[in-house]
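For reference, work-v6.txt (compact mmCIF, C-alpha atoms):
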```
# COMPACT_ATOMS: atom_id res chain seq x y z
CA MET A 24 4.87 2.59 -17.35
CA LYS A 25 1.44 2.67 -15.78
CA GLN A 26 -0.16 0.50 -13.11
CA THR A 27 -3.80 0.45 -12.14
CA SER A 28 -5.90 -0.65 -9.20
CA MET A 29 -9.68 -0.54 -8.92
CA ALA A 30 -11.73 -0.41 -5.72
CA ASN A 31 -15.40 -1.43 -5.96
CA TRP A 32 -17.62 -0.48 -3.07
CA LEU A 33 -19.44 -3.48 -1.58
CA GLY A 34 -21.63 -1.55 0.85
CA GLU A 35 -20.98 -0.35 4.42
CA MET A 36 -17.17 0.09 4.61
CA ALA A 37 -16.03 -2.87 2.47
CA PHE A 38 -14.34 -2.62 -0.92
CA ASP A 39 -13.23 -5.26 -3.39
CA ILE A 40 -9.75 -4.35 -4.59
CA GLU A 41 -8.62 -5.45 -8.03
CA LEU A 42 -4.90 -5.41 -8.64
CA ASP A 43 -2.93 -7.31 -11.30
CA SER A 44 -6.03 -9.44 -11.99
CA HIS A 45 -6.16 -10.56 -8.35
CA HIS A 46 -8.83 -9.57 -5.85
CA LEU A 47 -8.80 -8.84 -2.17
CA ILE A 48 -11.37 -7.42 0.22
CA ILE A 49 -10.59 -4.52 2.52
CA ASP A 50 -12.84 -3.44 5.32
CA ALA A 51 -12.94 -1.24 8.39
CA ASP A 52 -12.91 -2.31 12.00
CA LEU A 53 -16.20 -3.02 13.78
CA LYS A 54 -15.59 0.05 15.97
CA VAL A 55 -15.96 2.38 12.99
CA GLY A 56 -18.83 0.68 11.20
CA GLY A 57 -16.94 -2.03 9.33
CA GLU A 58 -17.29 -5.79 9.51
CA ASN A 59 -13.59 -6.74 9.36
CA LYS A 60 -14.06 -8.78 6.17
CA GLY A 61 -10.49 -7.90 5.26
CA PRO A 62 -7.57 -5.74 6.39
CA ARG A 63 -7.62 -1.96 6.76
CA PRO A 64 -6.46 0.02 3.70
CA LYS A 65 -3.91 2.14 5.54
CA GLY A 66 -1.86 -0.88 6.61
CA LEU A 67 -1.56 -1.95 2.97
CA LEU A 68 0.97 0.85 2.68
CA LEU A 69 3.16 -0.99 5.20
CA SER A 70 2.58 -4.31 3.40
CA SER A 71 3.53 -2.68 0.12
CA LEU A 72 6.81 -1.51 1.62
CA ALA A 73 7.62 -4.91 3.18
CA GLY A 74 6.80 -6.76 -0.04
CA CYS A 75 8.69 -4.38 -2.29
CA THR A 76 11.94 -4.43 -0.35
CA GLY A 77 11.52 -8.13 0.52
CA MET A 78 11.37 -9.07 -3.17
CA ASP A 79 14.42 -6.89 -3.86
CA VAL A 80 16.41 -8.58 -1.12
CA VAL A 81 15.60 -12.18 -2.07
CA SER A 82 16.33 -11.51 -5.75
CA ILE A 83 19.62 -9.71 -5.00
CA LEU A 84 20.67 -12.54 -2.65
CA LYS A 85 19.78 -15.10 -5.31
CA LYS A 86 22.18 -13.34 -7.71
CA MET A 87 24.81 -13.54 -4.93
CA LYS A 88 24.10 -17.31 -4.70
CA VAL A 89 22.63 -16.95 -1.24
CA GLU A 90 19.46 -19.02 -1.19
CA ASP A 91 19.33 -21.17 1.91
CA TYR A 92 17.71 -19.01 4.57
CA ASP A 93 14.36 -17.84 5.91
CA LEU A 94 13.26 -14.22 5.80
CA LYS A 95 10.46 -12.34 7.50
CA LEU A 96 9.96 -8.60 7.35
CA ASN A 97 8.20 -6.91 10.21
CA VAL A 98 7.05 -3.38 9.51
CA GLU A 99 5.51 -1.13 12.11
CA GLY A 100 4.04 2.29 11.39
CA GLU A 101 3.47 4.94 14.04
CA LEU A 102 0.53 7.21 13.28
CA THR A 103 0.10 10.86 14.14
CA GLU A 104 -2.73 11.69 16.56
CA GLU A 105 -4.25 14.40 14.37
CA HIS A 106 -6.09 14.09 11.06
CA PRO A 107 -4.97 13.34 8.46
CA LYS A 108 -3.35 10.45 10.32
CA ILE A 109 -0.06 9.63 8.62
CA TYR A 110 2.79 7.30 9.52
CA HIS A 111 5.41 9.69 10.85
CA THR A 112 7.79 6.83 11.67
CA ILE A 113 8.15 3.39 10.07
CA ASN A 114 10.27 0.69 11.71
CA LEU A 115 11.28 -2.02 9.26
CA ASN A 116 13.04 -5.18 10.47
CA TYR A 117 14.62 -7.73 8.13
CA ILE A 118 14.61 -10.96 10.14
CA PHE A 119 16.88 -13.65 8.70
CA THR A 120 17.32 -17.14 10.05
CA GLY A 121 19.66 -19.82 8.75
CA LYS A 122 23.00 -21.52 9.20
CA ASP A 123 26.32 -19.85 8.34
CA LEU A 124 24.67 -16.82 6.77
CA PRO A 125 27.03 -14.41 4.93
CA ILE A 126 26.41 -11.26 6.97
CA GLU A 127 28.10 -8.83 4.58
CA LYS A 128 25.99 -10.05 1.66
CA LEU A 129 22.78 -9.70 3.68
CA LYS A 130 23.74 -6.15 4.60
CA ARG A 131 24.64 -5.34 1.00
CA ALA A 132 21.34 -6.72 -0.33
CA VAL A 133 19.33 -4.64 2.15
CA GLU A 134 21.42 -1.55 1.38
CA LEU A 135 20.92 -1.95 -2.38
CA SER A 136 17.16 -2.21 -1.93
CA GLU A 137 17.04 0.82 0.37
CA THR A 138 19.25 3.08 -1.66
CA ARG A 139 18.71 1.97 -5.24
CA TYR A 140 15.81 -0.35 -6.03
CA CYS A 141 12.84 0.01 -3.72
CA GLY A 142 10.55 2.69 -5.08
CA ILE A 143 8.18 2.37 -2.12
CA THR A 144 11.01 3.15 0.33
CA GLU A 145 11.94 6.12 -1.83
CA MET A 146 8.37 7.45 -1.83
CA LEU A 147 7.59 6.88 1.84
CA ARG A 148 10.78 8.41 3.14
CA LYS A 149 9.54 11.75 1.82
CA ALA A 150 6.74 11.56 4.39
CA ALA A 151 8.12 9.39 7.20
CA THR A 152 11.33 8.52 8.99
CA ILE A 153 12.16 4.92 8.07
CA ASN A 154 14.30 3.03 10.57
CA THR A 155 15.67 -0.32 9.46
CA LYS A 156 17.26 -3.17 11.37
CA ILE A 157 18.78 -6.40 10.16
CA ILE A 158 18.34 -9.24 12.60
CA VAL A 159 20.16 -12.52 11.99
CA ASN A 160 19.26 -15.51 14.13
CA GLY A 161 17.90 -13.21 16.80
CA ASP A 162 20.78 -10.72 16.96
CA GLU A 163 20.78 -7.27 15.43
CA ILE A 164 23.60 -6.73 12.94
CA LYS A 165 25.35 -3.35 12.99
CA MET B 30 -1.00 4.46 17.63
CA LYS B 31 0.98 1.72 15.96
CA GLN B 32 0.09 -0.63 13.11
CA THR B 33 2.04 -3.66 12.02
CA SER B 34 2.34 -5.86 8.96
CA MET B 35 4.46 -8.97 8.57
CA ALA B 36 5.78 -10.43 5.31
CA ASN B 37 6.86 -14.09 5.38
CA TRP B 38 8.96 -15.28 2.47
CA LEU B 39 7.44 -18.34 0.76
CA GLY B 40 10.34 -19.01 -1.62
CA GLU B 41 11.12 -17.60 -5.08
CA MET B 42 9.44 -14.16 -5.13
CA ALA B 43 6.28 -14.90 -3.13
CA PHE B 44 5.47 -13.54 0.32
CA ASP B 45 2.57 -14.16 2.67
CA ILE B 46 1.42 -10.82 4.03
CA GLU B 47 -0.22 -10.66 7.43
CA LEU B 48 -2.20 -7.52 8.16
CA ASP B 49 -4.96 -7.02 10.76
CA SER B 50 -5.10 -10.83 11.23
CA HIS B 51 -5.87 -11.32 7.53
CA HIS B 52 -3.53 -12.91 5.01
CA LEU B 53 -2.79 -12.28 1.37
CA ILE B 54 -0.15 -13.55 -1.00
CA ILE B 55 1.94 -11.19 -3.09
CA ASP B 56 4.16 -12.36 -5.92
CA ALA B 57 6.18 -11.08 -8.86
CA ASP B 58 5.35 -11.42 -12.52
CA LEU B 59 6.59 -14.47 -14.44
CA LYS B 60 8.92 -12.19 -16.43
CA VAL B 61 10.98 -11.43 -13.32
CA GLY B 62 11.04 -14.86 -11.72
CA GLY B 63 7.68 -14.82 -9.97
CA GLU B 64 4.71 -17.12 -10.37
CA ASN B 65 1.90 -14.51 -10.15
CA LYS B 66 0.35 -16.19 -7.11
CA GLY B 67 -0.85 -12.75 -6.03
CA PRO B 68 -0.57 -9.08 -6.95
CA ARG B 69 2.65 -7.08 -7.10
CA PRO B 70 3.59 -5.22 -3.90
CA LYS B 71 4.08 -1.82 -5.52
CA GLY B 72 0.48 -1.66 -6.71
CA LEU B 73 -0.71 -2.18 -3.12
CA LEU B 74 0.28 1.43 -2.61
CA LEU B 75 -2.38 2.43 -5.14
CA SER B 76 -4.91 0.07 -3.56
CA SER B 77 -4.14 1.55 -0.16
CA LEU B 78 -4.89 5.03 -1.49
CA ALA B 79 -8.12 3.98 -3.20
CA GLY B 80 -9.35 2.11 -0.14
CA CYS B 81 -8.43 4.85 2.31
CA THR B 82 -10.16 7.68 0.48
CA GLY B 83 -13.02 5.39 -0.62
CA MET B 84 -13.85 4.55 3.02
CA ASP B 85 -13.68 8.24 3.91
CA VAL B 86 -16.09 9.17 1.15
CA VAL B 87 -18.72 6.51 1.87
CA SER B 88 -18.65 7.27 5.58
CA ILE B 89 -18.90 11.05 5.05
CA LEU B 90 -21.76 10.55 2.58
CA LYS B 91 -23.52 8.27 5.05
CA LYS B 92 -23.40 11.09 7.61
CA MET B 93 -24.90 13.36 4.91
CA LYS B 94 -27.71 10.76 4.47
CA VAL B 95 -26.49 9.92 0.96
CA GLU B 96 -26.51 6.13 0.70
CA ASP B 97 -28.18 5.06 -2.52
CA TYR B 98 -25.39 5.02 -5.12
CA ASP B 99 -22.56 2.90 -6.47
CA LEU B 100 -18.93 3.89 -6.19
CA LYS B 101 -15.79 2.66 -7.87
CA LEU B 102 -12.37 4.22 -7.51
CA ASN B 103 -9.90 3.81 -10.32
CA VAL B 104 -6.33 4.67 -9.45
CA GLU B 105 -3.52 4.73 -11.97
CA GLY B 106 0.12 5.28 -11.10
CA GLU B 107 2.75 6.38 -13.60
CA LEU B 108 6.22 5.07 -12.81
CA THR B 109 9.56 6.71 -13.47
CA GLU B 110 11.86 4.92 -15.93
CA GLU B 111 14.90 4.96 -13.64
CA HIS B 112 15.52 3.05 -10.40
CA PRO B 113 14.19 3.45 -7.82
CA LYS B 114 10.94 3.37 -9.79
CA ILE B 115 8.42 5.60 -8.04
CA TYR B 116 4.97 6.80 -8.98
CA HIS B 117 5.61 10.38 -10.08
CA THR B 118 1.93 10.89 -10.99
CA ILE B 119 -1.20 9.27 -9.59
CA ASN B 120 -4.57 9.70 -11.31
CA LEU B 121 -7.47 8.96 -9.00
CA ASN B 122 -11.03 8.82 -10.32
CA TYR B 123 -14.11 8.64 -8.10
CA ILE B 124 -16.76 7.02 -10.28
CA PHE B 125 -20.30 7.42 -8.94
CA THR B 126 -23.43 6.01 -10.48
CA GLY B 127 -26.97 6.45 -9.26
CA LYS B 128 -30.19 8.38 -9.70
CA ASP B 129 -30.62 12.04 -8.63
CA LEU B 130 -27.23 12.19 -6.95
CA PRO B 131 -26.52 15.35 -4.90
CA ILE B 132 -23.46 16.62 -6.78
CA GLU B 133 -22.38 19.20 -4.20
CA LYS B 134 -22.39 16.61 -1.43
CA LEU B 135 -20.30 14.21 -3.52
CA LYS B 136 -17.78 16.98 -4.19
CA ARG B 137 -17.71 17.95 -0.53
CA ALA B 138 -17.14 14.36 0.62
CA VAL B 139 -14.22 13.91 -1.80
CA GLU B 140 -12.76 17.28 -0.80
CA LEU B 141 -12.96 16.45 2.91
CA SER B 142 -11.15 13.16 2.33
CA GLU B 143 -8.45 14.81 0.22
CA THR B 144 -7.79 17.76 2.44
CA ARG B 145 -8.56 16.51 5.93
CA TYR B 146 -8.98 12.78 6.50
CA CYS B 147 -7.02 10.60 4.12
CA GLY B 148 -3.56 10.03 5.55
CA ILE B 149 -2.47 8.04 2.52
CA THR B 150 -3.24 10.96 0.20
CA GLU B 151 -1.32 13.22 2.56
CA MET B 152 1.74 10.93 2.52
CA LEU B 153 1.79 10.18 -1.20
CA ARG B 154 1.39 13.76 -2.31
CA LYS B 155 4.83 14.44 -0.84
CA ALA B 156 6.26 12.11 -3.50
CA ALA B 157 3.78 12.28 -6.39
CA THR B 158 1.37 14.63 -8.12
CA ILE B 159 -2.13 13.35 -7.38
CA ASN B 160 -4.79 14.28 -9.92
CA THR B 161 -8.38 13.58 -8.97
CA LYS B 162 -11.57 13.51 -10.99
CA ILE B 163 -15.16 12.99 -9.91
CA ILE B 164 -17.24 11.22 -12.53
CA VAL B 165 -21.01 10.98 -12.06
CA ASN B 166 -22.99 8.75 -14.39
CA GLY B 167 -20.22 8.98 -16.97
CA ASP B 168 -19.66 12.75 -16.88
CA GLU B 169 -16.79 14.52 -15.18
CA ILE B 170 -17.94 17.06 -12.57
CA LYS B 171 -16.02 20.30 -12.36
```
Could you take the file, read its structure, and then write that structure out as structure tokens?
Amino acid sequence: MKQTSMANWLGEMAFDIELDSHHLIIDADLKVGGENKGPRPKGLLLSSLAGCTGMDVVSILKKMKVEDYDLKLNVEGELTEEHPKIYHTINLNYIFTGKDLPIEKLKRAVELSETRYCGITEMLRKAATINTKIIVNGDEIK
Amino acid sequence: MKQTSMANWLGEMAFDIELDSHHLIIDADLKVGGENKGPRPKGLLLSSLAGCTGMDVVSILKKMKVEDYDLKLNVEGELTEEHPKIYHTINLNYIFTGKDLPIEKLKRAVELSETRYCGITEMLRKAATINTKIIVNGDEIK
């Protein structure tokens, strides 16, 4: 299966990104000649990871009949100092809130995404160390 | 240096992505329970690559006093059949149009991005084969 994205240069540092028939603008920071019309492209890698594993987790939990909760994913990438600047470390937190949450099912859903379903995790771990935490109502779950 | 992205679950398969103080919605296809409110997360990896190297190229060309051209980047990822589905091959085309374009400078700008500046290229090539082409006014440049 193939997937395609197109980037159309808009002048200066801005590009219109076309993906799945949707559009978004990316742009550089003012410090490097951009106008901040949209996010930086590098961070989209982190967003891709959060979205990919987030969708896995909510769909796995739905199959487990776990549906009444909130979920945020916070993903932080640490860049090397030297060019090319890559994320050498990525810290990914699954932040659940809700009442009487089934901890073992949450852990299992995250584990299934990490080890079996999330292609973005699989690709990025070849380049970066990915550290994950599961946080439920403010407390980290071991 | 650290960069952060947050994904907030909106219900079903949709997430609000926060990145560099901008927001975008990602969603799954209708076939897998989504509502297509935004693009798929996996493809953002391709968009990240196109945007990262695209910004490199336009800023390098600007330093070379090359500014009067159009640029599109088409990036196609080929997914494995098995889970986790990763892009095993990525085909990246730099599509320039314009009059009297300085071919050697275009090639040099792309080469500098690929080999020195683009961190996303550097990360993804650890997981995928990245094939690049430079196309100027419809013809591939060797």
In terms of the shortest atom-to-atom distance over only C-alpha atoms, which of B:Glu107, B:Glu64, B:Glu96, B:Asp85 is closest to chain A?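 Using only C-alpha atoms, chain A sits closest to B:Glu107.
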Can you tell me how far atom CA of B:Tyr146 sits from atom CA of A:Pro107, in Å to one decimal? 4.5 Å
Between chain A and chain B, at 7 Å or less, what are the per-residue closest atom pairs and their distances in Å? Count all atoms listed in the file, order by chain and rising residue number, and return it as CSV.
```
residue,atom,partner,partner_atom,distance
A:Met24,CA,B:Leu108,CA,5.3
A:Lys25,CA,B:Glu107,CA,4.5
A:Gln26,CA,B:Gly106,CA,5.2
A:Thr27,CA,B:Glu105,CA,4.3
A:Ser28,CA,B:Val104,CA,5.3
A:Met29,CA,B:Asn103,CA,4.6
A:Ala30,CA,B:Leu102,CA,5.0
A:Asn31,CA,B:Lys101,CA,4.5
A:Trp32,CA,B:Leu100,CA,5.5
A:Met36,CA,B:Met84,CA,5.8
A:Phe38,CA,B:Gly80,CA,6.9
A:Ile40,CA,B:Ser76,CA,6.6
A:Leu42,CA,B:Pro68,CA,5.9
A:Asp43,CA,B:Pro68,CA,5.3
A:His45,CA,B:Pro68,CA,5.9
A:Gly61,CA,B:His51,CA,6.2
A:Pro62,CA,B:Asp49,CA,5.2
A:Arg63,CA,B:Asp49,CA,7.0
A:Pro64,CA,B:Ser77,CA,4.8
A:Lys65,CA,B:Ser77,CA,5.7
A:Gly66,CA,B:Gln32,CA,6.8
A:Leu67,CA,B:Ser77,CA,5.4
A:Leu68,CA,B:Leu74,CA,5.4
A:Leu69,CA,B:Ser34,CA,6.2
A:Ser70,CA,B:Ser34,CA,5.8
A:Ser71,CA,B:Pro70,CA,4.8
A:Ala73,CA,B:Ala36,CA,6.2
A:Gly74,CA,B:Pro70,CA,5.3
A:Cys75,CA,B:Pro70,CA,5.4
A:Met78,CA,B:Met42,CA,5.8
A:Asp93,CA,B:Trp38,CA,6.9
A:Leu94,CA,B:Trp38,CA,5.5
A:Lys95,CA,B:Asn37,CA,4.5
A:Leu96,CA,B:Ala36,CA,5.0
A:Asn97,CA,B:Met35,CA,4.6
A:Val98,CA,B:Ser34,CA,5.4
A:Glu99,CA,B:Thr33,CA,4.3
A:Gly100,CA,B:Gln32,CA,5.2
A:Glu101,CA,B:Lys31,CA,4.5
A:Leu102,CA,B:Met30,CA,5.4
A:His106,CA,B:Tyr146,CA,5.6
A:Pro107,CA,B:Tyr146,CA,4.5
A:Lys108,CA,B:Gly148,CA,4.8
A:Ile109,CA,B:Gly148,CA,4.7
A:Arg139,CA,B:Pro113,CA,5.4
A:Tyr140,CA,B:Pro113,CA,4.5
A:Cys141,CA,B:Pro113,CA,5.5
A:Gly142,CA,B:Pro113,CA,4.6
A:Ile143,CA,B:Ile115,CA,6.7
A:Glu145,CA,B:Pro113,CA,6.9
A:Met146,CA,B:Ala156,CA,5.4
A:Lys149,CA,B:Lys155,CA,6.0
A:Ala150,CA,B:Met152,CA,5.4
```
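Interatomic distance, atom CA of A:Glu127 against atom CA of A:Lys156: 14.0 Å.
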Quick check, in Å to one decimal: how far apart do atom CA of A:Arg131 and atom CA of B:Leu59 lie? 25.4 Å
Can you report as AutoDock Vina command-line options the centre and edge lengths in Å, to one decimal, of an axis-aligned box around the listed atoms of stretch 150-162 of chain A padded with 6 Å on each side?
```
--center_x 13.8 --center_y -2.0 --center_z 10.7 --size_x 26.0 --size_y 39.1 --size_z 24.6
```
